[in-house]
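Scroll down for the structure; my scribbles are underneath it.
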Amino acid sequence: MTFEGDSTQAACIPNAAAPLPSEADASNLTAANSDTNMQTITQTQNTNDIRSQVVNTLREWYLLASDSIASLLDGRFAQQPAQDLWLLGRHYDLKVENGEQSWALGYPPQIVKDFSRLIWCTYRSNYSAIAQTDFTSDAGWGCMLRAGQMLMAQALQLHYFGRNWEFDWDSSNDASKRQLYMDIVKQFLDEYSSTFSIQRMASLGGQFEGKDIGNWFGPYETARILHGLARQANHPVSVYTTTDGVVYLADICDDEYQPTLVLVASMLGIDRVNPIYYPFIQASLMLPQSAGIAGGRPSSALYFAGFQGDELLFLDPHFTRPAINLRDGYTRADLDTYTCSNPRRIALSRLDPCMVFGYYCPTLESLIDLRSRIELLADDGIKSIVTFDNGHAPEPAFQPDATASSSDEVDRHPEPPIQQSTSSSDADYYSCANRPKSESEEVISGCSEEEWVTEL
């Protein structure tokens with residue numbers, strides 16, 4: 001029924017006298033709609049990118065202001081800055097000659113250059129949704145997973161390049177190094193096909209740790225996820241994890257030693273790090289095997305790569321950038337989003353006590369050397385949180401269920417038997433108060449305790 005003067009209803013009635021549109025008109029209309037949709041998508045992406053840039057800038061200002069206020073309250077501005085700086089086992093002397101420094105602001109160019117070679121993993125957006133969810137960004141919940149990625153990325157750089165390396169992006173002589181560097185970064189791109197992608201990490205955490213994607217992951221969980229993904233992919237760098245501070249050497253040693261990233265998750269206090277552990281944190285970053293530390297402020301994960309005095313140098317994952325798709329070639333601008341040339345510091349007194357220490361040991365001799373160096377710390381009066389045992393880890397109190405659904409995209413390799421977590425809240429995981437106390441990975445047959453004693 002049409003009421004007189006009802007233009008809305010009248011507009012809905014087809015006009016029999018009007019000519020029908022031709023196929024060309026329909027094709028043009030479809031193309032126009034497609035162009036409009038593409039423009040809308042592009043405008044939305046541009047808007048999201050601008051929003052991310054604004055948020056990142058505001059966060060940077062806030063962090064700089066809060067750090068400055070904390071330094072002022074602690075009285076650290078009145079102190080002479082330390083003249084020694086350590087960055088992943090490398091020492092830099094910052095003494096100023098003749099009362100003048102040769103660099104303008106911040107740090108000397110060689111420190112900035114060394115720091116910028118670290119792979120910086122941050123929040124990303126606009127990537128493929130994670131495992132049957134609507135999450136296309138990990139902003140707000142993935143910071144510890146990103147800190148874990150940085151631990152693994154540094155181990156891979158040590159594995160393929162060693163500690164002393166650099167390359168010229170524009171030099172044809174460094175083409176192989178450039179390609180190898182890109183191959184390392186590709187393992188952390190936000191695609192399911194990337195070995196240590198956020199999708200695979202979050203999915204595996206959901207399978208074996210009982211975590212819903214979008215919830216915060218703790219340091220211990222992150223270490224176990226890296227262990228699981230490395231085993232799934234039969235990765236050339238294996239990952240060994242421990243939570244009680246004991247590294248069982250017989251579990252690492254196999255018929256043929258494999259380069260190993262040793263991850264030690266530990267609780268160094270209650271609300272803050274106990275000052276008794278400050279020297280060990282610093283000494284850990286001085287070791288040649290150091291791959292860094294994943295820790296942070298309370299509920300805010302960071303990756304620590306060095307220290308100056310009583311402050312740690314860190315990379316902050318809390319900056320959102322558009323995801324970079326997996327493809328054949330990458331520009332320098334693409335990879336620049338994985339580097340940071342601005343070292344920032346945080347006082348040891350402001351750290352959360354739960355953290356993961358990473359040590360990369362490419363050879364059996366390197367592992368033995370790590371043991372010797374850590375045990376020698378006691379001679380200097382440093383309380384260590386890491387000890388070594390020649391045997392195997394004790395059997396877990398119960399046998400975990402290592403099965404998982406094969407329908408998930410992350411299930412592409414045989415799964416390692418990973419013990420189910422006993423904690424029920426994110427806060428419990430972050431404080432490490434209720435974390436499991438023993439590793440439940442498969443016992444690897446290899447060197448016997450007697451052989452280790454003979455070797456050591």
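Chain lettering (A, B, ...) mirrors the order of the structure tokens, residue numbering begins at 1 for each chain separately, and ligand numbering begins at 1 in order of display.
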Leaving out region 154-158 of chain A and any residue of its chain fewer than 5 positions from it, which residues lie within 6 Å of it when counting only C-alpha atoms, given as a list in words?
Arg163, Ala291 and Tyr360 of chain A
Excluding region 215-227 of chain A and residues on its chain fewer than 6 positions from it, collect all residues at most 7 Å away from it, counting only C-alpha atoms, and give them as number ranges by chain.
A: 141-142, 144-145, 148, 201, 204-205, 239-241, 263, 265, 355-356, 426, 429-430
Write the residues of the preceding selection, restricted to C-alpha atoms, as a CSV table (one decimal), in the first residue's frame.
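part33.csv written:
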```
chain,number,residue,atom,x,y,z
A,141,TRP,CA,48.2,-8.7,25.3
A,142,GLY,CA,51.2,-9.9,23.3
A,144,MET,CA,55.7,-11.0,26.6
A,145,LEU,CA,55.4,-13.1,23.5
A,148,GLY,CA,60.3,-14.0,23.8
A,201,MET,CA,52.9,-18.8,19.6
A,204,LEU,CA,50.3,-23.2,20.9
A,205,GLY,CA,49.9,-21.4,24.2
A,239,VAL,CA,65.4,-24.5,23.2
A,240,TYR,CA,65.9,-25.9,26.7
A,241,THR,CA,63.7,-24.5,29.5
A,263,LEU,CA,66.0,-20.4,29.0
A,265,ALA,CA,62.7,-18.7,34.2
A,355,MET,CA,62.0,-12.9,34.2
A,356,VAL,CA,63.6,-15.3,31.7
A,426,ASP,CA,47.4,-14.0,34.5
A,429,TYR,CA,51.7,-16.4,36.1
A,430,TYR,CA,53.3,-13.0,36.0
```
Would you pick out the contacts of Gly381 (chain A) at 10 Å or less, using only C-alpha atoms, so that residues sharing its chain but fewer than 3 positions from it are not included, and give the list as a PyMOL selection string?
chain A and resi 279-280+376-378+384
Å distance separating CA of Asp134 (chain A) from CA of Lys186 (chain A), one decimal place:
23.3 Å
Need the shell around Phe357 (chain A): protein/DNA/RNA residues with any atom at most 10 Å away, counting only C-alpha atoms. Skip same-chain ones fewer than 3 positions apart. Format as a PyMOL selection string?
chain A and resi 151+219+223+241+261-266+281+284-285+290-295+304+385-386
Suppose we keep C-alpha atoms; can you now write the selection as a PDB file, in the first residue's frame?
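Final output, saved to result13.pdb:
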```pdb
ATOM      1  CA  LEU A 151      65.225 -13.571  22.895  1.00  0.00           C
ATOM      2  CA  PRO A 219      57.480 -15.380  31.074  1.00  0.00           C
ATOM      3  CA  ALA A 223      59.707 -19.932  27.352  1.00  0.00           C
ATOM      4  CA  THR A 241      63.733 -24.511  29.540  1.00  0.00           C
ATOM      5  CA  LEU A 261      69.205 -21.639  23.693  1.00  0.00           C
ATOM      6  CA  VAL A 262      68.991 -22.209  27.451  1.00  0.00           C
ATOM      7  CA  LEU A 263      66.038 -20.359  29.000  1.00  0.00           C
ATOM      8  CA  VAL A 264      65.958 -20.050  32.794  1.00  0.00           C
ATOM      9  CA  ALA A 265      62.689 -18.675  34.201  1.00  0.00           C
ATOM     10  CA  SER A 266      62.982 -17.470  37.756  1.00  0.00           C
ATOM     11  CA  ILE A 281      71.413  -9.754  36.456  1.00  0.00           C
ATOM     12  CA  SER A 284      74.415 -12.417  33.207  1.00  0.00           C
ATOM     13  CA  LEU A 285      74.422  -9.686  30.545  1.00  0.00           C
ATOM     14  CA  SER A 290      74.029 -13.962  26.825  1.00  0.00           C
ATOM     15  CA  ALA A 291      71.015 -13.715  24.517  1.00  0.00           C
ATOM     16  CA  GLY A 292      69.326 -11.166  26.777  1.00  0.00           C
ATOM     17  CA  ILE A 293      66.562 -11.248  29.371  1.00  0.00           C
ATOM     18  CA  ALA A 294      62.784 -11.172  28.936  1.00  0.00           C
ATOM     19  CA  GLY A 295      61.177  -9.395  31.876  1.00  0.00           C
ATOM     20  CA  PHE A 304      66.833  -6.372  28.255  1.00  0.00           C
ATOM     21  CA  ILE A 385      69.963 -18.235  40.399  1.00  0.00           C
ATOM     22  CA  VAL A 386      71.370 -20.812  37.939  1.00  0.00           C
TER      23      VAL A 386
END
```
With a distance cut-off of 8 Å and only C-alpha atoms, select the neighbouring residues of region 309-325 of chain A, excluding the residue or stretch itself and same-chain residues fewer than 2 positions from it, and output the selection as a PyMOL selection string.
chain A and resi 49+52-53+56+81-85+120-127+139-140+143+146-147+189-191+301-307+327+334+337+340+343-348
Looking only at the backbone, which of the residues in region 94-226 of chain A does DSSP tag as helix (DSSP H, G or I), as a tab-separated table (two decimals) with N, CA, C and O atoms, in the first residue's frame?
```
chain	number	residue	atom	x	y	z
A	109	PRO	N	78.43	6.53	18.64
A	109	PRO	CA	77.91	5.88	17.43
A	109	PRO	C	78.10	4.37	17.42
A	109	PRO	O	77.24	3.63	16.93
A	110	GLN	N	79.22	3.86	17.97
A	110	GLN	CA	79.46	2.42	17.93
A	110	GLN	C	78.46	1.67	18.80
A	110	GLN	O	78.06	0.55	18.48
A	111	ILE	N	78.00	2.29	19.90
A	111	ILE	CA	76.99	1.64	20.74
A	111	ILE	C	75.64	1.66	20.04
A	111	ILE	O	74.92	0.65	20.03
A	112	VAL	N	75.28	2.80	19.46
A	112	VAL	CA	74.01	2.90	18.73
A	112	VAL	C	73.98	1.91	17.58
A	112	VAL	O	72.95	1.24	17.33
A	113	LYS	N	75.09	1.78	16.89
A	113	LYS	CA	75.15	0.85	15.76
A	113	LYS	C	75.00	-0.59	16.23
A	113	LYS	O	74.28	-1.39	15.60
A	114	ASP	N	75.65	-0.93	17.34
A	114	ASP	CA	75.54	-2.29	17.88
A	114	ASP	C	74.12	-2.56	18.37
A	114	ASP	O	73.55	-3.62	18.11
A	115	PHE	N	73.54	-1.58	19.05
A	115	PHE	CA	72.18	-1.75	19.57
A	115	PHE	C	71.17	-1.89	18.43
A	115	PHE	O	70.21	-2.67	18.53
A	116	SER	N	71.37	-1.15	17.36
A	116	SER	CA	70.41	-1.18	16.24
A	116	SER	C	70.45	-2.50	15.48
A	116	SER	O	69.55	-2.77	14.67
A	143	CYS	N	52.77	-8.57	24.61
A	143	CYS	CA	54.10	-7.99	24.82
A	143	CYS	C	55.12	-9.03	25.29
A	143	CYS	O	56.28	-9.00	24.86
A	144	MET	N	54.73	-9.98	26.15
A	144	MET	CA	55.70	-10.98	26.60
A	144	MET	C	56.04	-11.96	25.47
A	144	MET	O	57.18	-12.41	25.36
A	145	LEU	N	55.08	-12.26	24.62
A	145	LEU	CA	55.39	-13.09	23.45
A	145	LEU	C	56.39	-12.37	22.55
A	145	LEU	O	57.30	-13.00	22.00
A	146	ARG	N	56.24	-11.08	22.40
A	146	ARG	CA	57.19	-10.31	21.58
A	146	ARG	C	58.57	-10.27	22.24
A	146	ARG	O	59.60	-10.36	21.56
A	147	ALA	N	58.61	-10.15	23.56
A	147	ALA	CA	59.89	-10.19	24.26
A	147	ALA	C	60.56	-11.56	24.08
A	147	ALA	O	61.78	-11.66	23.90
A	148	GLY	N	59.75	-12.62	24.08
A	148	GLY	CA	60.28	-13.95	23.81
A	148	GLY	C	60.80	-14.07	22.39
A	148	GLY	O	61.83	-14.72	22.15
A	149	GLN	N	60.11	-13.45	21.44
A	149	GLN	CA	60.61	-13.45	20.06
A	149	GLN	C	61.98	-12.79	19.99
A	149	GLN	O	62.87	-13.26	19.28
A	150	MET	N	62.17	-11.70	20.73
A	150	MET	CA	63.46	-11.01	20.70
A	150	MET	C	64.56	-11.87	21.29
A	150	MET	O	65.70	-11.86	20.80
A	151	LEU	N	64.26	-12.63	22.35
A	151	LEU	CA	65.22	-13.57	22.90
A	151	LEU	C	65.65	-14.58	21.84
A	151	LEU	O	66.84	-14.84	21.63
A	152	MET	N	64.67	-15.15	21.15
A	152	MET	CA	64.95	-16.16	20.14
A	152	MET	C	65.67	-15.54	18.95
A	152	MET	O	66.60	-16.14	18.39
A	153	ALA	N	65.29	-14.33	18.57
A	153	ALA	CA	65.91	-13.67	17.43
A	153	ALA	C	67.39	-13.40	17.70
A	153	ALA	O	68.24	-13.56	16.81
A	154	GLN	N	67.71	-12.98	18.92
A	154	GLN	CA	69.11	-12.73	19.23
A	154	GLN	C	69.91	-14.03	19.22
A	154	GLN	O	71.06	-14.07	18.75
A	155	ALA	N	69.31	-15.13	19.69
A	155	ALA	CA	69.99	-16.42	19.64
A	155	ALA	C	70.27	-16.82	18.19
A	155	ALA	O	71.35	-17.36	17.89
A	156	LEU	N	69.33	-16.55	17.29
A	156	LEU	CA	69.54	-16.90	15.89
A	156	LEU	C	70.62	-16.03	15.25
A	156	LEU	O	71.39	-16.51	14.41
A	157	GLN	N	70.68	-14.77	15.64
A	157	GLN	CA	71.76	-13.93	15.12
A	157	GLN	C	73.12	-14.44	15.61
A	157	GLN	O	74.10	-14.46	14.85
A	158	LEU	N	73.19	-14.83	16.88
A	158	LEU	CA	74.43	-15.41	17.39
A	158	LEU	C	74.76	-16.71	16.67
A	158	LEU	O	75.92	-17.01	16.40
A	159	HIS	N	73.73	-17.47	16.34
A	159	HIS	CA	73.94	-18.76	15.69
A	159	HIS	C	74.50	-18.58	14.27
A	159	HIS	O	75.45	-19.27	13.88
A	160	TYR	N	73.95	-17.65	13.51
A	160	TYR	CA	74.33	-17.52	12.11
A	160	TYR	C	75.45	-16.50	11.87
A	160	TYR	O	76.21	-16.64	10.92
A	161	PHE	N	75.54	-15.49	12.74
A	161	PHE	CA	76.52	-14.43	12.51
A	161	PHE	C	77.62	-14.37	13.56
A	161	PHE	O	78.69	-13.82	13.28
A	172	SER	N	76.89	-4.93	-2.77
A	172	SER	CA	76.68	-6.23	-3.40
A	172	SER	C	77.55	-7.30	-2.74
A	172	SER	O	77.22	-8.50	-2.82
A	173	ASN	N	78.61	-6.89	-2.06
A	173	ASN	CA	79.48	-7.86	-1.38
A	173	ASN	C	78.80	-8.48	-0.16
A	173	ASN	O	79.22	-9.55	0.30
A	174	ASP	N	77.80	-7.79	0.36
A	174	ASP	CA	77.10	-8.28	1.56
A	174	ASP	C	75.74	-8.87	1.24
A	174	ASP	O	74.87	-8.97	2.11
A	175	ALA	N	75.53	-9.26	-0.01
A	175	ALA	CA	74.22	-9.79	-0.41
A	175	ALA	C	73.85	-11.04	0.36
A	175	ALA	O	72.69	-11.22	0.77
A	176	SER	N	74.82	-11.94	0.61
A	176	SER	CA	74.52	-13.18	1.33
A	176	SER	C	74.16	-12.88	2.79
A	176	SER	O	73.23	-13.49	3.34
A	177	LYS	N	74.87	-11.94	3.41
A	177	LYS	CA	74.55	-11.57	4.79
A	177	LYS	C	73.16	-10.93	4.86
A	177	LYS	O	72.39	-11.20	5.78
A	178	ARG	N	72.88	-10.07	3.89
A	178	ARG	CA	71.58	-9.40	3.86
A	178	ARG	C	70.46	-10.43	3.73
A	178	ARG	O	69.44	-10.34	4.43
A	179	GLN	N	70.64	-11.42	2.87
A	179	GLN	CA	69.62	-12.45	2.69
A	179	GLN	C	69.47	-13.29	3.95
A	179	GLN	O	68.34	-13.64	4.34
A	180	LEU	N	70.58	-13.61	4.60
A	180	LEU	CA	70.51	-14.40	5.83
A	180	LEU	C	69.80	-13.63	6.93
A	180	LEU	O	69.00	-14.20	7.69
A	181	TYR	N	70.07	-12.33	7.02
A	181	TYR	CA	69.38	-11.51	8.01
A	181	TYR	C	67.88	-11.48	7.74
A	181	TYR	O	67.06	-11.61	8.66
A	182	MET	N	67.50	-11.35	6.49
A	182	MET	CA	66.08	-11.35	6.14
A	182	MET	C	65.44	-12.70	6.46
A	182	MET	O	64.29	-12.77	6.90
A	183	ASP	N	66.19	-13.78	6.25
A	183	ASP	CA	65.67	-15.11	6.57
A	183	ASP	C	65.40	-15.25	8.07
A	183	ASP	O	64.46	-15.95	8.48
A	184	ILE	N	66.24	-14.62	8.89
A	184	ILE	CA	66.01	-14.65	10.34
A	184	ILE	C	64.74	-13.88	10.67
A	184	ILE	O	63.86	-14.37	11.40
A	185	VAL	N	64.61	-12.67	10.13
A	185	VAL	CA	63.44	-11.85	10.42
A	185	VAL	C	62.16	-12.54	9.96
A	185	VAL	O	61.11	-12.47	10.63
A	186	LYS	N	62.21	-13.23	8.83
A	186	LYS	CA	61.02	-13.89	8.29
A	186	LYS	C	60.46	-14.94	9.25
A	186	LYS	O	59.27	-15.25	9.20
A	198	ILE	N	53.49	-14.69	15.86
A	198	ILE	CA	52.57	-14.47	16.98
A	198	ILE	C	51.38	-15.43	16.87
A	198	ILE	O	50.83	-15.88	17.89
A	199	GLN	N	50.98	-15.78	15.65
A	199	GLN	CA	49.87	-16.72	15.48
A	199	GLN	C	50.22	-18.08	16.05
A	199	GLN	O	49.42	-18.69	16.78
A	200	ARG	N	51.39	-18.59	15.72
A	200	ARG	CA	51.78	-19.91	16.19
A	200	ARG	C	52.05	-19.91	17.70
A	200	ARG	O	51.71	-20.87	18.40
A	201	MET	N	52.65	-18.84	18.20
A	201	MET	CA	52.91	-18.77	19.64
A	201	MET	C	51.61	-18.73	20.44
A	201	MET	O	51.44	-19.46	21.42
A	202	ALA	N	50.68	-17.87	20.02
A	202	ALA	CA	49.42	-17.77	20.73
A	202	ALA	C	48.60	-19.06	20.62
A	202	ALA	O	47.96	-19.49	21.59
A	203	SER	N	48.62	-19.68	19.43
A	203	SER	CA	47.86	-20.91	19.24
A	203	SER	C	48.42	-22.04	20.10
A	203	SER	O	47.67	-22.79	20.73
A	204	LEU	N	49.75	-22.18	20.12
A	204	LEU	CA	50.35	-23.24	20.93
A	204	LEU	C	50.12	-22.98	22.42
A	204	LEU	O	49.89	-23.91	23.19
A	205	GLY	N	50.16	-21.71	22.81
A	205	GLY	CA	49.86	-21.38	24.21
A	205	GLY	C	48.44	-21.75	24.58
A	205	GLY	O	48.18	-22.22	25.69
A	206	GLY	N	47.51	-21.58	23.63
A	206	GLY	CA	46.14	-21.98	23.89
A	206	GLY	C	45.99	-23.48	24.01
A	206	GLY	O	45.23	-23.98	24.85
A	207	GLN	N	46.75	-24.24	23.21
A	207	GLN	CA	46.65	-25.70	23.24
A	207	GLN	C	47.21	-26.29	24.53
A	207	GLN	O	46.57	-27.12	25.18
A	208	PHE	N	48.40	-25.85	24.91
A	208	PHE	CA	49.11	-26.54	25.98
A	208	PHE	C	49.11	-25.80	27.31
A	208	PHE	O	49.40	-26.39	28.33
A	209	GLU	N	48.82	-24.52	27.29
A	209	GLU	CA	48.81	-23.77	28.54
A	209	GLU	C	47.38	-23.40	28.95
A	209	GLU	O	47.18	-22.80	30.01
A	219	PRO	N	56.14	-14.99	31.51
A	219	PRO	CA	57.48	-15.38	31.07
A	219	PRO	C	57.68	-16.89	30.98
A	219	PRO	O	58.27	-17.38	30.03
A	220	TYR	N	57.19	-17.63	31.98
A	220	TYR	CA	57.38	-19.08	31.96
A	220	TYR	C	56.64	-19.71	30.79
A	220	TYR	O	57.18	-20.56	30.08
A	221	GLU	N	55.42	-19.27	30.57
A	221	GLU	CA	54.64	-19.79	29.43
A	221	GLU	C	55.35	-19.50	28.11
A	221	GLU	O	55.42	-20.36	27.22
A	222	THR	N	55.88	-18.29	27.98
A	222	THR	CA	56.55	-17.90	26.74
A	222	THR	C	57.76	-18.77	26.48
A	222	THR	O	58.01	-19.20	25.34
A	223	ALA	N	58.54	-19.07	27.51
A	223	ALA	CA	59.71	-19.93	27.35
A	223	ALA	C	59.29	-21.32	26.88
A	223	ALA	O	59.92	-21.91	25.99
A	224	ARG	N	58.23	-21.85	27.44
A	224	ARG	CA	57.77	-23.18	27.06
A	224	ARG	C	57.21	-23.20	25.64
A	224	ARG	O	57.35	-24.19	24.91
A	225	ILE	N	56.58	-22.11	25.23
A	225	ILE	CA	56.07	-22.02	23.86
A	225	ILE	C	57.23	-22.03	22.87
A	225	ILE	O	57.18	-22.71	21.83
A	226	LEU	N	58.29	-21.27	23.14
A	226	LEU	CA	59.46	-21.27	22.27
A	226	LEU	C	60.07	-22.67	22.18
A	226	LEU	O	60.48	-23.13	21.10
```
Based on the backbone DSSP call, show me all residues of region 270-373 of chain A assigned strand (DSSP E or B), as number ranges by chain.
A: 273, 290-297, 300-308, 311-315, 321-322, 344-347, 354-361
File of the preceding selection, N, CA, C and O atoms, as a compact mmCIF listing (two decimals), in the first residue's frame:
```txt
# COMPACT_ATOMS: atom_id res chain seq x y z
N VAL A 273 62.38 -6.84 42.32
CA VAL A 273 63.56 -7.69 42.37
C VAL A 273 64.31 -7.44 43.66
O VAL A 273 64.58 -6.29 44.03
N SER A 290 75.30 -14.64 26.53
CA SER A 290 74.03 -13.96 26.83
C SER A 290 73.24 -13.68 25.56
O SER A 290 73.76 -13.13 24.59
N ALA A 291 71.96 -14.07 25.58
CA ALA A 291 71.02 -13.72 24.52
C ALA A 291 70.01 -12.70 25.01
O ALA A 291 69.04 -12.39 24.31
N GLY A 292 70.23 -12.17 26.23
CA GLY A 292 69.33 -11.17 26.78
C GLY A 292 68.40 -11.74 27.83
O GLY A 292 68.49 -12.91 28.21
N ILE A 293 67.51 -10.89 28.31
CA ILE A 293 66.56 -11.25 29.37
C ILE A 293 65.18 -10.74 28.97
O ILE A 293 65.04 -9.60 28.53
N ALA A 294 64.18 -11.58 29.12
CA ALA A 294 62.78 -11.17 28.94
C ALA A 294 62.19 -10.94 30.32
O ALA A 294 62.15 -11.86 31.13
N GLY A 295 61.76 -9.74 30.58
CA GLY A 295 61.18 -9.40 31.88
C GLY A 295 60.33 -8.15 31.72
O GLY A 295 59.52 -8.06 30.81
N GLY A 296 60.56 -7.16 32.58
CA GLY A 296 59.86 -5.90 32.39
C GLY A 296 59.41 -5.25 33.68
O GLY A 296 59.80 -5.63 34.78
N ARG A 297 58.58 -4.23 33.50
CA ARG A 297 57.87 -3.64 34.63
C ARG A 297 56.70 -4.55 34.98
O ARG A 297 56.35 -5.43 34.21
N SER A 300 54.06 -5.30 32.20
CA SER A 300 54.52 -4.63 30.98
C SER A 300 55.87 -5.22 30.60
O SER A 300 56.89 -4.88 31.19
N ALA A 301 55.88 -6.13 29.63
CA ALA A 301 57.09 -6.88 29.30
C ALA A 301 58.07 -6.04 28.49
O ALA A 301 57.67 -5.20 27.68
N LEU A 302 59.36 -6.29 28.72
CA LEU A 302 60.44 -5.64 28.00
C LEU A 302 61.51 -6.69 27.70
O LEU A 302 61.54 -7.76 28.31
N TYR A 303 62.41 -6.34 26.78
CA TYR A 303 63.56 -7.19 26.48
C TYR A 303 64.82 -6.43 26.86
O TYR A 303 65.06 -5.32 26.38
N PHE A 304 65.63 -7.02 27.76
CA PHE A 304 66.83 -6.37 28.26
C PHE A 304 68.06 -6.93 27.54
O PHE A 304 68.23 -8.15 27.44
N ALA A 305 68.91 -6.01 27.07
CA ALA A 305 70.07 -6.43 26.28
C ALA A 305 71.38 -5.98 26.89
O ALA A 305 72.44 -6.45 26.46
N GLY A 306 71.36 -5.11 27.89
CA GLY A 306 72.60 -4.63 28.48
C GLY A 306 72.32 -3.79 29.71
O GLY A 306 71.19 -3.68 30.17
N PHE A 307 73.38 -3.16 30.23
CA PHE A 307 73.20 -2.31 31.41
C PHE A 307 74.29 -1.25 31.45
O PHE A 307 75.38 -1.40 30.90
N GLN A 308 73.95 -0.18 32.15
CA GLN A 308 74.89 0.89 32.46
C GLN A 308 74.64 1.27 33.91
O GLN A 308 73.60 1.83 34.24
N GLU A 311 71.12 0.60 35.79
CA GLU A 311 70.02 0.67 34.84
C GLU A 311 70.25 -0.32 33.70
O GLU A 311 71.38 -0.48 33.22
N LEU A 312 69.15 -0.95 33.26
CA LEU A 312 69.21 -1.89 32.15
C LEU A 312 68.79 -1.21 30.86
O LEU A 312 67.87 -0.39 30.84
N LEU A 313 69.48 -1.56 29.77
CA LEU A 313 69.09 -1.10 28.44
C LEU A 313 68.05 -2.07 27.87
O LEU A 313 68.21 -3.29 27.99
N PHE A 314 67.01 -1.54 27.26
CA PHE A 314 65.93 -2.43 26.83
C PHE A 314 65.34 -2.01 25.50
O PHE A 314 65.49 -0.88 25.03
N LEU A 315 64.64 -2.99 24.90
CA LEU A 315 63.76 -2.76 23.76
C LEU A 315 62.32 -2.94 24.23
O LEU A 315 62.01 -3.90 24.95
N ARG A 321 52.74 -1.44 14.93
CA ARG A 321 53.09 -1.15 13.54
C ARG A 321 52.30 -2.08 12.63
O ARG A 321 51.93 -3.18 13.05
N PRO A 322 52.06 -1.68 11.40
CA PRO A 322 51.37 -2.57 10.46
C PRO A 322 52.21 -3.82 10.20
O PRO A 322 53.43 -3.76 10.11
N ARG A 344 67.16 2.79 25.51
CA ARG A 344 66.51 3.37 26.68
C ARG A 344 66.85 2.55 27.91
O ARG A 344 67.21 1.38 27.81
N ARG A 345 66.72 3.17 29.07
CA ARG A 345 67.16 2.53 30.31
C ARG A 345 66.03 2.52 31.34
O ARG A 345 65.15 3.38 31.33
N ILE A 346 66.10 1.55 32.24
CA ILE A 346 65.18 1.45 33.36
C ILE A 346 65.97 0.96 34.56
O ILE A 346 66.86 0.11 34.44
N ALA A 347 65.68 1.52 35.72
CA ALA A 347 66.41 1.16 36.94
C ALA A 347 66.08 -0.26 37.38
O ALA A 347 64.94 -0.73 37.23
N CYS A 354 59.80 -11.42 38.02
CA CYS A 354 59.74 -12.64 37.22
C CYS A 354 60.33 -12.38 35.84
O CYS A 354 59.89 -11.48 35.12
N MET A 355 61.34 -13.16 35.47
CA MET A 355 62.01 -12.93 34.20
C MET A 355 62.61 -14.22 33.67
O MET A 355 62.72 -15.22 34.40
N VAL A 356 62.99 -14.19 32.40
CA VAL A 356 63.59 -15.35 31.73
C VAL A 356 64.97 -14.94 31.24
O VAL A 356 65.10 -14.00 30.45
N PHE A 357 66.00 -15.66 31.69
CA PHE A 357 67.37 -15.41 31.27
C PHE A 357 67.68 -16.33 30.07
O PHE A 357 67.38 -17.52 30.11
N GLY A 358 68.28 -15.76 29.03
CA GLY A 358 68.61 -16.54 27.85
C GLY A 358 70.11 -16.65 27.64
O GLY A 358 70.83 -15.64 27.72
N TYR A 359 70.58 -17.88 27.37
CA TYR A 359 72.00 -18.12 27.10
C TYR A 359 72.09 -19.01 25.85
O TYR A 359 71.53 -20.11 25.83
N TYR A 360 72.79 -18.53 24.85
CA TYR A 360 72.96 -19.32 23.64
C TYR A 360 74.32 -20.01 23.65
O TYR A 360 75.37 -19.36 23.78
N CYS A 361 74.29 -21.33 23.52
CA CYS A 361 75.51 -22.14 23.54
C CYS A 361 75.60 -22.91 22.23
O CYS A 361 74.94 -23.94 22.06
```
Distance CA of Pro288 (chain A)-CA of Val246 (chain A), one decimal place?
19.9 Å
